[in-house]
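**Student:** Dumping the structure here so I can ask a few things about it.
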Amino acid sequence: MASTPVTEDQVIDALRPVEDPELHRSIVDLGMLKAVQIRDNGVVGVLVALTVPGCPLKGEITRRVSEAATELDGVESIDLEFTVMTDEEREKVRMLVHGGGGSATAGANQAHGHAEGREIPFAKNSSKTRPLLISSGKGGVGKSSVTTNLAVALAEQGYTVGVVDADIYGYSIPRMLGTDRDPVVIDEMLVPPAMWGVRCISIGYFVPEGQAVIWRGPMLHKALEQFLTDVFWDEPDFLLIDMPPGTGDIALSLAQYLPRGEVFVVTTPQPAAQKVASLSAAMAAKVNLPVRGVIENMSWFTGDDGKRYEIFGSGGGELLAQELEVPLLGKLPLVPELREGGDNGRPITAVDPDSEAAQMFQQIATKIAVDMKPKKVFSEKLKIL
Ligand SMILES: Nc1ncnc2c1ncn2[C@@H]1O[C@H](COP(=O)(O)OP(=O)(O)OP(=O)(O)O)[C@@H](O)[C@H]1O
Ligand SMILES: [Mg+2]
């Protein structure tokens, strides 16, 4: 066993790799580790400052800190106490991870553009995030279900993923994803809750249960802007946007905020739905964003007899894809488990990965992430003379 007692510095070094479960940064770098005290018999006192009182992830932090500390020779157990950061400390954390310019890696750049606000990080040319706008011409075709399951599939493939529920009046992502808590606010920075590896923001977190959102024009605009700027997204690989049905204000605002967005149109198989869906493509043209693919949903139902029944007809997805000259990325079956998973926050892609629907979501995710990965654009400026 260890003959020399452990030092405070050794404990601090051992705790350096421990990350805050929400901010994904070292608790030492974040200033959360307040004090370390070596006591008798291998007991180490540790004081951790939580970013906010009643931090929902206190248990997880306890587990991580204990595990890392007791791995050290000479540390038998820890006596962990918690305190809460002051406003100034929280401001420092926010500056450190979110900066003034919306990107953690950009350091402490001051915000450009309008004085009070920050830039939309996803609008920058240097952004590595691909915004995927999941849209359709009419309601109820499965946009939110596709958004949720596609997000889970991408996360399972190892990508970092965020979801913006842009359906302000008909929000549904928190329920479908099954997030169990609200965003945490650190000095006006919103830390989104995560579930199945997917972070999510929705107006649903800000309105009392059962109450309708009655905002119009400018308020809607402001809310969406905040979803993109004040939320700590931490440069995910993908940001999926669950679009509201139709071609209203929200679509126009989003297009303006996400000039690098890629539109994916969800449709059902009947040719009539395809006509409506083409409206959505017209919208994409109007806002000058490219449609990259079509996803057909509710394509068939497999009966007890093992036969596929095409309840909503067939061919709609192919027709639309042809018309738009984009690929049909996949056809999803109609399965009760998919609806149930949406109702109880257990997406089929997460809980039944071998099912036909989950496999299809995985295939679509691979097509988008790998086959449709943007090629590096040659830049004149980079030419070595
Ligand atoms: N492939 C499917 N199999 C079974 N049920 C499905 C499938 N796709 C969607 N559903 C169900 O159909 C309903 C509508 O789907 P969803 O809410 O995803 O559509 P939407 O296009 O987002 O609707 P809205 O326009 O209201 O936002 C939900 O109850 C959902 O669970
Ligand atoms: Mg929806």
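Letters for chains follow the order of the structure tokens (A, B, ...), residue numbers begin at 1 for each chain, and ligand numbers begin at 1 in the order shown.
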As a list of chain:residue names, please: every protein or nucleic acid residue near ligand 1 (cut-off 7 Å, counting only C-alpha atoms and all ligand atoms).

**Tutor:**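 Within the 7 Å cut-off, the matching residues are A:Lys138, A:Gly139, A:Gly140, A:Val141, A:Gly142, A:Lys143, A:Ser144, A:Ser145, A:Val146, A:Asp167, A:Gly170, A:Pro244, A:Pro245, A:Asn297, A:Met298, A:Leu332, A:Pro333, A:Leu334, A:Val335, A:Pro336, A:Glu337, A:Leu338, A:Arg339, A:Glu340, A:Gly342, A:Asp343.
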
**Student:** Write to file, as a compact mmCIF listing (two decimals), in the first residue's frame, the residues of the selection just made, with N, CA and C atoms.

**Tutor:**
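Full text of result_6.txt as output:
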```txt
# COMPACT_ATOMS: atom_id res chain seq x y z
N LYS A 138 -47.79 19.00 -45.10
CA LYS A 138 -48.99 18.95 -44.25
C LYS A 138 -48.69 18.29 -42.91
N GLY A 139 -49.59 18.47 -42.00
CA GLY A 139 -49.38 17.99 -40.63
C GLY A 139 -49.62 16.49 -40.49
N GLY A 140 -49.12 15.95 -39.43
CA GLY A 140 -49.43 14.59 -39.05
C GLY A 140 -48.78 13.50 -39.89
N VAL A 141 -47.81 13.85 -40.71
CA VAL A 141 -47.18 12.81 -41.55
C VAL A 141 -46.00 12.13 -40.84
N GLY A 142 -45.60 12.67 -39.70
CA GLY A 142 -44.55 12.01 -38.94
C GLY A 142 -43.24 12.79 -38.85
N LYS A 143 -43.29 14.10 -39.06
CA LYS A 143 -42.07 14.91 -38.95
C LYS A 143 -41.39 14.74 -37.60
N SER A 144 -42.18 14.90 -36.54
CA SER A 144 -41.59 14.87 -35.20
C SER A 144 -41.06 13.48 -34.88
N SER A 145 -41.79 12.46 -35.31
CA SER A 145 -41.32 11.09 -35.07
C SER A 145 -40.02 10.84 -35.83
N VAL A 146 -39.96 11.33 -37.06
CA VAL A 146 -38.74 11.15 -37.86
C VAL A 146 -37.59 11.94 -37.23
N ASP A 167 -41.56 23.74 -33.76
CA ASP A 167 -43.01 23.74 -33.84
C ASP A 167 -43.54 24.38 -32.55
N GLY A 170 -47.21 23.58 -31.72
CA GLY A 170 -47.56 22.16 -31.58
C GLY A 170 -46.37 21.33 -31.13
N PRO A 244 -42.48 23.27 -38.07
CA PRO A 244 -43.94 23.23 -37.97
C PRO A 244 -44.51 22.94 -39.35
N PRO A 245 -45.75 22.45 -39.42
CA PRO A 245 -46.33 22.22 -40.74
C PRO A 245 -46.51 23.54 -41.47
N ASN A 297 -42.96 7.97 -45.01
CA ASN A 297 -43.36 7.40 -43.72
C ASN A 297 -44.72 6.72 -43.87
N MET A 298 -44.96 5.74 -43.03
CA MET A 298 -46.22 4.99 -43.01
C MET A 298 -46.43 4.26 -44.34
N LEU A 332 -40.42 4.11 -44.25
CA LEU A 332 -40.63 3.63 -42.88
C LEU A 332 -41.97 2.93 -42.75
N PRO A 333 -41.98 1.79 -42.12
CA PRO A 333 -43.24 1.08 -41.94
C PRO A 333 -44.14 1.75 -40.90
N LEU A 334 -45.41 1.44 -40.99
CA LEU A 334 -46.37 1.89 -39.98
C LEU A 334 -46.36 0.82 -38.88
N VAL A 335 -45.89 1.19 -37.72
CA VAL A 335 -45.85 0.22 -36.63
C VAL A 335 -46.35 0.85 -35.33
N PRO A 336 -47.24 0.14 -34.64
CA PRO A 336 -47.78 0.70 -33.39
C PRO A 336 -46.67 1.07 -32.39
N GLU A 337 -45.59 0.30 -32.37
CA GLU A 337 -44.50 0.57 -31.41
C GLU A 337 -43.87 1.94 -31.64
N LEU A 338 -43.93 2.39 -32.89
CA LEU A 338 -43.33 3.70 -33.19
C LEU A 338 -44.17 4.80 -32.54
N ARG A 339 -45.50 4.65 -32.65
CA ARG A 339 -46.39 5.63 -32.02
C ARG A 339 -46.27 5.55 -30.50
N GLU A 340 -46.29 4.33 -29.98
CA GLU A 340 -46.20 4.18 -28.52
C GLU A 340 -44.91 4.77 -27.98
N GLY A 342 -43.30 7.16 -29.18
CA GLY A 342 -43.41 8.61 -29.21
C GLY A 342 -44.25 9.13 -28.05
N ASP A 343 -45.25 8.35 -27.69
CA ASP A 343 -46.13 8.78 -26.60
C ASP A 343 -45.47 8.67 -25.23
```

**Student:** Contacts of A:Phe264 at 10 Å or less, counting only C-alpha atoms, minus same-chain residues fewer than 4 places along, as a list in words?

**Tutor:**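 Listing them by chain and then by number gives Leu132, Leu133, Ile134, Ser135, Ser136, Lys143, Ser280, Ala281, Ala284, Pro290, Val291, Arg292, Gly293, Val294, Ile295, Val326, Leu328, Leu329 and Ile368 of chain A.
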
**Student:** When you look at A:Gln363 with a cut-off of 12 Å (counting only C-alpha atoms), what residues show up, excluding the ones that are within fewer than 5 positions of it in the same chain? I need them as a list in words.

**Tutor:**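 Answer for this query is Asn149, Leu150, Ala153, Leu154, Glu156, Gln157, Ile295, Leu328, Leu329, Gly330, Lys331, Leu332, Thr349, Pro353, Glu356, Ala357, Ala358, Ile368, Ala369, Val370 and Asp371 of chain A.
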
**Student:** I'd like to know which of A:Gly248, A:Pro174, A:Gly31, A:Pro5 is closest to ligand 2, using only C-alpha atoms and all ligand atoms.

**Tutor:**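 That would be A:Pro174, the residue with the smallest distance to ligand 2.
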
**Student:** Can you pull out the residues contacting A:Arg25? Cut-off 12 Å, using only C-alpha atoms, and skip same-chain residues under 2 positions away; I want them as a ChimeraX atom specification.

**Tutor:** /A:15-23,27-32,93-94,96-98,104,234

**Student:** Please, could you write that set of residues out with N, CA and C atoms as a compact mmCIF listing (two decimals), in the first residue's frame?

**Tutor:**
```
# COMPACT_ATOMS: atom_id res chain seq x y z
N LEU A 15 -8.60 14.60 -10.41
CA LEU A 15 -9.98 15.06 -10.68
C LEU A 15 -10.08 15.89 -11.96
N ARG A 16 -8.94 16.25 -12.53
CA ARG A 16 -8.96 17.08 -13.74
C ARG A 16 -9.72 16.43 -14.90
N PRO A 17 -9.57 15.14 -15.12
CA PRO A 17 -10.33 14.54 -16.25
C PRO A 17 -11.83 14.38 -15.98
N VAL A 18 -12.27 14.64 -14.75
CA VAL A 18 -13.70 14.48 -14.46
C VAL A 18 -14.46 15.63 -15.11
N GLU A 19 -15.43 15.27 -15.95
CA GLU A 19 -16.19 16.31 -16.65
C GLU A 19 -17.55 16.53 -16.00
N ASP A 20 -17.98 17.78 -16.03
CA ASP A 20 -19.35 18.06 -15.61
C ASP A 20 -20.26 17.36 -16.62
N PRO A 21 -21.25 16.60 -16.15
CA PRO A 21 -22.05 15.79 -17.07
C PRO A 21 -22.85 16.60 -18.09
N GLU A 22 -23.11 17.88 -17.80
CA GLU A 22 -23.87 18.66 -18.77
C GLU A 22 -22.99 19.51 -19.66
N LEU A 23 -21.95 20.06 -19.09
CA LEU A 23 -21.13 21.00 -19.85
C LEU A 23 -19.97 20.30 -20.57
N ILE A 27 -14.18 19.62 -14.47
CA ILE A 27 -14.70 20.36 -13.31
C ILE A 27 -13.63 21.28 -12.72
N VAL A 28 -12.36 20.93 -12.96
CA VAL A 28 -11.28 21.79 -12.48
C VAL A 28 -11.24 23.06 -13.33
N ASP A 29 -11.29 22.89 -14.66
CA ASP A 29 -11.27 24.06 -15.55
C ASP A 29 -12.49 24.96 -15.33
N LEU A 30 -13.61 24.35 -15.02
CA LEU A 30 -14.83 25.12 -14.82
C LEU A 30 -14.85 25.87 -13.48
N GLY A 31 -13.87 25.56 -12.65
CA GLY A 31 -13.84 26.21 -11.34
C GLY A 31 -14.81 25.58 -10.34
N MET A 32 -15.23 24.36 -10.61
CA MET A 32 -16.19 23.71 -9.70
C MET A 32 -15.49 23.08 -8.50
N VAL A 93 -18.15 30.81 -15.90
CA VAL A 93 -18.42 29.52 -16.56
C VAL A 93 -19.04 29.76 -17.93
N ARG A 94 -20.03 30.64 -17.97
CA ARG A 94 -20.71 30.92 -19.23
C ARG A 94 -19.73 31.48 -20.26
N LEU A 96 -16.56 31.00 -20.34
CA LEU A 96 -15.60 29.95 -20.69
C LEU A 96 -16.17 28.99 -21.74
N VAL A 97 -17.39 28.52 -21.51
CA VAL A 97 -17.90 27.48 -22.42
C VAL A 97 -18.66 28.05 -23.61
N HIS A 98 -19.26 29.21 -23.43
CA HIS A 98 -20.14 29.74 -24.47
C HIS A 98 -19.53 30.98 -25.11
N ALA A 104 -17.47 27.95 -28.23
CA ALA A 104 -16.55 27.74 -27.12
C ALA A 104 -15.10 27.84 -27.58
N ASP A 234 -22.81 23.61 -27.97
CA ASP A 234 -21.45 23.06 -27.98
C ASP A 234 -21.07 22.43 -29.32
```

**Student:** Near stretch 219-224 of chain A, counting only C-alpha atoms, which residues have an atom at most 10 Å away, once you skip same-chain residues fewer than 4 positions from it, shown as a PyMOL selection string?

**Tutor:** chain A and resi 164-169+202-203+213-215+228-230+249-250+252-254+257

**Student:** Considering only C-alpha atoms and all ligand atoms, can you say which of A:Gly261, A:Gly315, A:Gly137, A:Pro218 comes closest to ligand 2?

**Tutor:**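 Of A:Gly261, A:Gly315, A:Gly137, A:Pro218, the one nearest ligand 2 is A:Gly137, counting only C-alpha atoms and all ligand atoms.
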
**Student:** Among stretch 20-124 of chain A, which residues does DSSP mark as strand (DSSP E or B) when it is run on the backbone? Keep the chain and numbering as in the structure and answer as an mmCIF file with all heavy atoms, in the first residue's frame.

**Tutor:**
```cif
data_model
loop_
_atom_site.group_PDB
_atom_site.id
_atom_site.type_symbol
_atom_site.label_atom_id
_atom_site.label_comp_id
_atom_site.auth_asym_id
_atom_site.auth_seq_id
_atom_site.Cartn_x
_atom_site.Cartn_y
_atom_site.Cartn_z
ATOM 1 N N SER A 26 -13.901 19.868 -17.981
ATOM 2 C CA SER A 26 -13.293 19.472 -16.711
ATOM 3 C C SER A 26 -13.845 20.296 -15.551
ATOM 4 O O SER A 26 -13.931 21.519 -15.632
ATOM 5 C CB SER A 26 -11.782 19.679 -16.812
ATOM 6 O OG SER A 26 -11.229 19.800 -15.523
ATOM 7 N N LEU A 33 -14.206 22.751 -8.687
ATOM 8 C CA LEU A 33 -13.474 22.140 -7.570
ATOM 9 C C LEU A 33 -12.974 23.271 -6.672
ATOM 10 O O LEU A 33 -12.081 24.025 -7.044
ATOM 11 C CB LEU A 33 -12.300 21.317 -8.108
ATOM 12 C CG LEU A 33 -11.531 20.515 -7.052
ATOM 13 C CD1 LEU A 33 -12.414 19.475 -6.385
ATOM 14 C CD2 LEU A 33 -10.316 19.846 -7.676
ATOM 15 N N LYS A 34 -13.574 23.378 -5.516
ATOM 16 C CA LYS A 34 -13.288 24.522 -4.642
ATOM 17 C C LYS A 34 -12.169 24.241 -3.644
ATOM 18 O O LYS A 34 -11.399 25.132 -3.301
ATOM 19 C CB LYS A 34 -14.557 24.903 -3.867
ATOM 20 C CG LYS A 34 -15.580 25.580 -4.697
ATOM 21 C CD LYS A 34 -15.199 27.041 -4.896
ATOM 22 C CE LYS A 34 -15.746 27.541 -6.198
ATOM 23 N NZ LYS A 34 -14.977 28.560 -6.829
ATOM 24 N N ALA A 35 -12.135 23.036 -3.115
ATOM 25 C CA ALA A 35 -11.109 22.750 -2.103
ATOM 26 C C ALA A 35 -10.866 21.254 -1.997
ATOM 27 O O ALA A 35 -11.768 20.441 -2.245
ATOM 28 C CB ALA A 35 -11.545 23.288 -0.747
ATOM 29 N N VAL A 36 -9.625 20.915 -1.662
ATOM 30 C CA VAL A 36 -9.236 19.526 -1.414
ATOM 31 C C VAL A 36 -8.479 19.525 -0.094
ATOM 32 O O VAL A 36 -7.627 20.377 0.138
ATOM 33 C CB VAL A 36 -8.314 19.010 -2.545
ATOM 34 C CG1 VAL A 36 -7.707 17.670 -2.173
ATOM 35 C CG2 VAL A 36 -9.075 18.890 -3.859
ATOM 36 N N GLN A 37 -8.811 18.591 0.757
ATOM 37 C CA GLN A 37 -8.156 18.553 2.064
ATOM 38 C C GLN A 37 -7.799 17.115 2.403
ATOM 39 O O GLN A 37 -8.671 16.231 2.386
ATOM 40 C CB GLN A 37 -9.147 19.103 3.098
ATOM 41 C CG GLN A 37 -8.540 19.362 4.437
ATOM 42 C CD GLN A 37 -9.625 19.689 5.446
ATOM 43 O OE1 GLN A 37 -10.646 18.995 5.526
ATOM 44 N NE2 GLN A 37 -9.404 20.731 6.233
ATOM 45 N N ILE A 38 -6.501 16.896 2.658
ATOM 46 C CA ILE A 38 -6.055 15.543 2.988
ATOM 47 C C ILE A 38 -6.259 15.310 4.484
ATOM 48 O O ILE A 38 -5.775 16.083 5.312
ATOM 49 C CB ILE A 38 -4.560 15.356 2.651
ATOM 50 C CG1 ILE A 38 -4.256 15.848 1.212
ATOM 51 C CG2 ILE A 38 -4.124 13.904 2.851
ATOM 52 C CD1 ILE A 38 -4.950 15.111 0.100
ATOM 53 N N VAL A 43 -8.625 9.487 4.031
ATOM 54 C CA VAL A 43 -9.862 10.218 3.735
ATOM 55 C C VAL A 43 -9.503 11.577 3.137
ATOM 56 O O VAL A 43 -8.608 12.264 3.628
ATOM 57 C CB VAL A 43 -10.715 10.427 5.016
ATOM 58 C CG1 VAL A 43 -11.990 11.225 4.678
ATOM 59 C CG2 VAL A 43 -11.073 9.084 5.634
ATOM 60 N N VAL A 44 -10.176 11.922 2.048
ATOM 61 C CA VAL A 44 -9.918 13.217 1.415
ATOM 62 C C VAL A 44 -11.217 14.027 1.387
ATOM 63 O O VAL A 44 -12.246 13.534 0.922
ATOM 64 C CB VAL A 44 -9.389 13.020 -0.025
ATOM 65 C CG1 VAL A 44 -9.240 14.361 -0.733
ATOM 66 C CG2 VAL A 44 -8.059 12.282 -0.010
ATOM 67 N N GLY A 45 -11.125 15.232 1.907
ATOM 68 C CA GLY A 45 -12.284 16.122 1.853
ATOM 69 C C GLY A 45 -12.290 16.856 0.516
ATOM 70 O O GLY A 45 -11.261 17.355 0.071
ATOM 71 N N VAL A 46 -13.437 16.876 -0.162
ATOM 72 C CA VAL A 46 -13.536 17.560 -1.460
ATOM 73 C C VAL A 46 -14.752 18.485 -1.414
ATOM 74 O O VAL A 46 -15.846 18.063 -1.015
ATOM 75 C CB VAL A 46 -13.703 16.539 -2.611
ATOM 76 C CG1 VAL A 46 -13.863 17.264 -3.949
ATOM 77 C CG2 VAL A 46 -12.515 15.577 -2.684
ATOM 78 N N LEU A 47 -14.549 19.721 -1.830
ATOM 79 C CA LEU A 47 -15.664 20.662 -1.905
ATOM 80 C C LEU A 47 -15.906 21.025 -3.366
ATOM 81 O O LEU A 47 -15.012 21.516 -4.057
ATOM 82 C CB LEU A 47 -15.347 21.927 -1.094
ATOM 83 C CG LEU A 47 -16.460 22.987 -1.067
ATOM 84 C CD1 LEU A 47 -17.704 22.479 -0.343
ATOM 85 C CD2 LEU A 47 -15.956 24.286 -0.433
ATOM 86 N N VAL A 48 -17.126 20.751 -3.842
ATOM 87 C CA VAL A 48 -17.482 21.023 -5.232
ATOM 88 C C VAL A 48 -18.582 22.078 -5.274
ATOM 89 O O VAL A 48 -19.575 21.975 -4.545
ATOM 90 C CB VAL A 48 -17.953 19.732 -5.941
ATOM 91 C CG1 VAL A 48 -18.636 20.044 -7.269
ATOM 92 C CG2 VAL A 48 -16.773 18.785 -6.181
ATOM 93 N N ALA A 49 -18.401 23.078 -6.119
ATOM 94 C CA ALA A 49 -19.445 24.095 -6.296
ATOM 95 C C ALA A 49 -20.293 23.727 -7.506
ATOM 96 O O ALA A 49 -19.780 23.601 -8.622
ATOM 97 C CB ALA A 49 -18.814 25.465 -6.489
ATOM 98 N N LEU A 50 -21.583 23.554 -7.274
ATOM 99 C CA LEU A 50 -22.501 23.269 -8.384
ATOM 100 C C LEU A 50 -22.808 24.575 -9.107
ATOM 101 O O LEU A 50 -22.806 25.646 -8.490
ATOM 102 C CB LEU A 50 -23.795 22.654 -7.847
ATOM 103 C CG LEU A 50 -23.638 21.319 -7.119
ATOM 104 C CD1 LEU A 50 -24.938 20.927 -6.432
ATOM 105 C CD2 LEU A 50 -23.204 20.231 -8.095
ATOM 106 N N SER A 77 -11.321 6.876 0.826
ATOM 107 C CA SER A 77 -12.680 7.371 0.617
ATOM 108 C C SER A 77 -12.650 8.892 0.578
ATOM 109 O O SER A 77 -11.670 9.512 0.982
ATOM 110 C CB SER A 77 -13.605 6.908 1.739
ATOM 111 O OG SER A 77 -13.228 7.540 2.948
ATOM 112 N N ILE A 78 -13.741 9.451 0.055
ATOM 113 C CA ILE A 78 -13.792 10.919 0.049
ATOM 114 C C ILE A 78 -14.986 11.400 0.850
ATOM 115 O O ILE A 78 -15.997 10.702 1.001
ATOM 116 C CB ILE A 78 -13.844 11.512 -1.374
ATOM 117 C CG1 ILE A 78 -15.119 11.094 -2.114
ATOM 118 C CG2 ILE A 78 -12.615 11.147 -2.176
ATOM 119 C CD1 ILE A 78 -15.395 11.975 -3.317
ATOM 120 N N ASP A 79 -14.817 12.585 1.381
ATOM 121 C CA ASP A 79 -15.907 13.238 2.094
ATOM 122 C C ASP A 79 -16.287 14.427 1.219
ATOM 123 O O ASP A 79 -15.606 15.449 1.204
ATOM 124 C CB ASP A 79 -15.361 13.685 3.468
ATOM 125 C CG ASP A 79 -16.440 14.386 4.276
ATOM 126 O OD1 ASP A 79 -17.605 14.388 3.828
ATOM 127 O OD2 ASP A 79 -16.102 14.947 5.337
ATOM 128 N N LEU A 80 -17.339 14.229 0.412
ATOM 129 C CA LEU A 80 -17.684 15.217 -0.606
ATOM 130 C C LEU A 80 -18.765 16.167 -0.104
ATOM 131 O O LEU A 80 -19.819 15.735 0.354
ATOM 132 C CB LEU A 80 -18.175 14.478 -1.863
ATOM 133 C CG LEU A 80 -18.576 15.300 -3.072
ATOM 134 C CD1 LEU A 80 -17.468 16.216 -3.541
ATOM 135 C CD2 LEU A 80 -18.994 14.376 -4.221
ATOM 136 N N GLU A 81 -18.477 17.451 -0.195
ATOM 137 C CA GLU A 81 -19.490 18.437 0.167
ATOM 138 C C GLU A 81 -19.756 19.356 -1.015
ATOM 139 O O GLU A 81 -18.893 19.559 -1.858
ATOM 140 C CB GLU A 81 -19.022 19.257 1.369
ATOM 141 C CG GLU A 81 -19.184 18.462 2.661
ATOM 142 C CD GLU A 81 -18.893 19.303 3.885
ATOM 143 O OE1 GLU A 81 -19.269 20.503 3.885
ATOM 144 O OE2 GLU A 81 -18.281 18.763 4.814
ATOM 145 N N PHE A 82 -20.961 19.878 -1.032
ATOM 146 C CA PHE A 82 -21.345 20.750 -2.146
ATOM 147 C C PHE A 82 -21.644 22.156 -1.696
ATOM 148 O O PHE A 82 -22.137 22.377 -0.600
ATOM 149 C CB PHE A 82 -22.598 20.189 -2.838
ATOM 150 C CG PHE A 82 -22.336 18.955 -3.637
ATOM 151 C CD1 PHE A 82 -22.685 17.702 -3.135
ATOM 152 C CD2 PHE A 82 -21.751 19.044 -4.882
ATOM 153 C CE1 PHE A 82 -22.445 16.560 -3.876
ATOM 154 C CE2 PHE A 82 -21.512 17.890 -5.629
ATOM 155 C CZ PHE A 82 -21.855 16.652 -5.130
ATOM 156 N N THR A 83 -21.321 23.088 -2.569
ATOM 157 C CA THR A 83 -21.748 24.464 -2.383
ATOM 158 C C THR A 83 -22.273 24.913 -3.744
ATOM 159 O O THR A 83 -22.329 24.122 -4.681
ATOM 160 C CB THR A 83 -20.568 25.338 -1.893
ATOM 161 O OG1 THR A 83 -21.015 26.684 -1.780
ATOM 162 C CG2 THR A 83 -19.374 25.283 -2.827
ATOM 163 N N VAL A 84 -22.714 26.140 -3.847
ATOM 164 C CA VAL A 84 -23.255 26.621 -5.123
ATOM 165 C C VAL A 84 -22.472 27.847 -5.561
ATOM 166 O O VAL A 84 -22.075 28.668 -4.740
ATOM 167 C CB VAL A 84 -24.758 26.967 -4.982
ATOM 168 C CG1 VAL A 84 -25.290 27.536 -6.292
ATOM 169 C CG2 VAL A 84 -25.548 25.738 -4.595
#
```

**Student:** As an exercise, work out the distance from atom CA of A:Leu239 to atom CA of A:Arg130 in Å and give it to one decimal place.

**Tutor:**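 If I compute the distance from atom CA of A:Leu239 to atom CA of A:Arg130, I get 6.2 Å.
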
**Student:** Write out as a PyMOL selection string each polymer residue whose atoms come within 8 Å of A:Val6, counting only C-alpha atoms; drop sequence neighbours fewer than 5 positions from it.

**Tutor:** chain A and resi 11+38+73-75

**Student:** Go ahead and dump the residues you just picked, C-alpha atoms, as a CSV table (one decimal), in the first residue's frame.

**Tutor:**
```
chain,number,residue,atom,x,y,z
A,11,VAL,CA,-5.9,14.8,-6.0
A,38,ILE,CA,-6.1,15.5,3.0
A,73,ASP,CA,-3.2,5.1,-4.2
A,74,GLY,CA,-3.6,6.3,-0.7
A,75,VAL,CA,-7.2,7.5,-1.1
```

**Student:** Restricting the calculation to only C-alpha atoms and all ligand atoms, which member of A:Asp237, A:Asp305, A:Asp352, A:Asp242 is positioned closest to ligand 2?

**Tutor:** A:Asp242

**Student:** Looking at only C-alpha atoms and all ligand atoms, which of A:Arg181, A:Arg175, A:Arg308, A:Lys367 is the one that sits closest to ligand 2?

**Tutor:**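 Result for the nearest residue to ligand 2: A:Arg175.
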
**Student:** Return the single residue from A:Pro193, A:Leu320, A:Glu235, A:Met372 that is closest to A:Ser126, with distances computed using only C-alpha atoms.

**Tutor:** A:Glu235

**Student:** What is the distance, in Å and to one decimal place, between atom CA of A:Phe312 and atom CA of A:Leu279?

**Tutor:**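 Answer for the atom CA of A:Phe312 to atom CA of A:Leu279 separation: 19.5 Å.
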
**Student:** Of the candidates A:Ser314, A:Gln256, A:Thr51, A:Thr147, which one gets nearest to ligand 2 if we count only C-alpha atoms and all ligand atoms?

**Tutor:**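 Ranking A:Ser314, A:Gln256, A:Thr51, A:Thr147 by distance to ligand 2, first place goes to A:Thr147.
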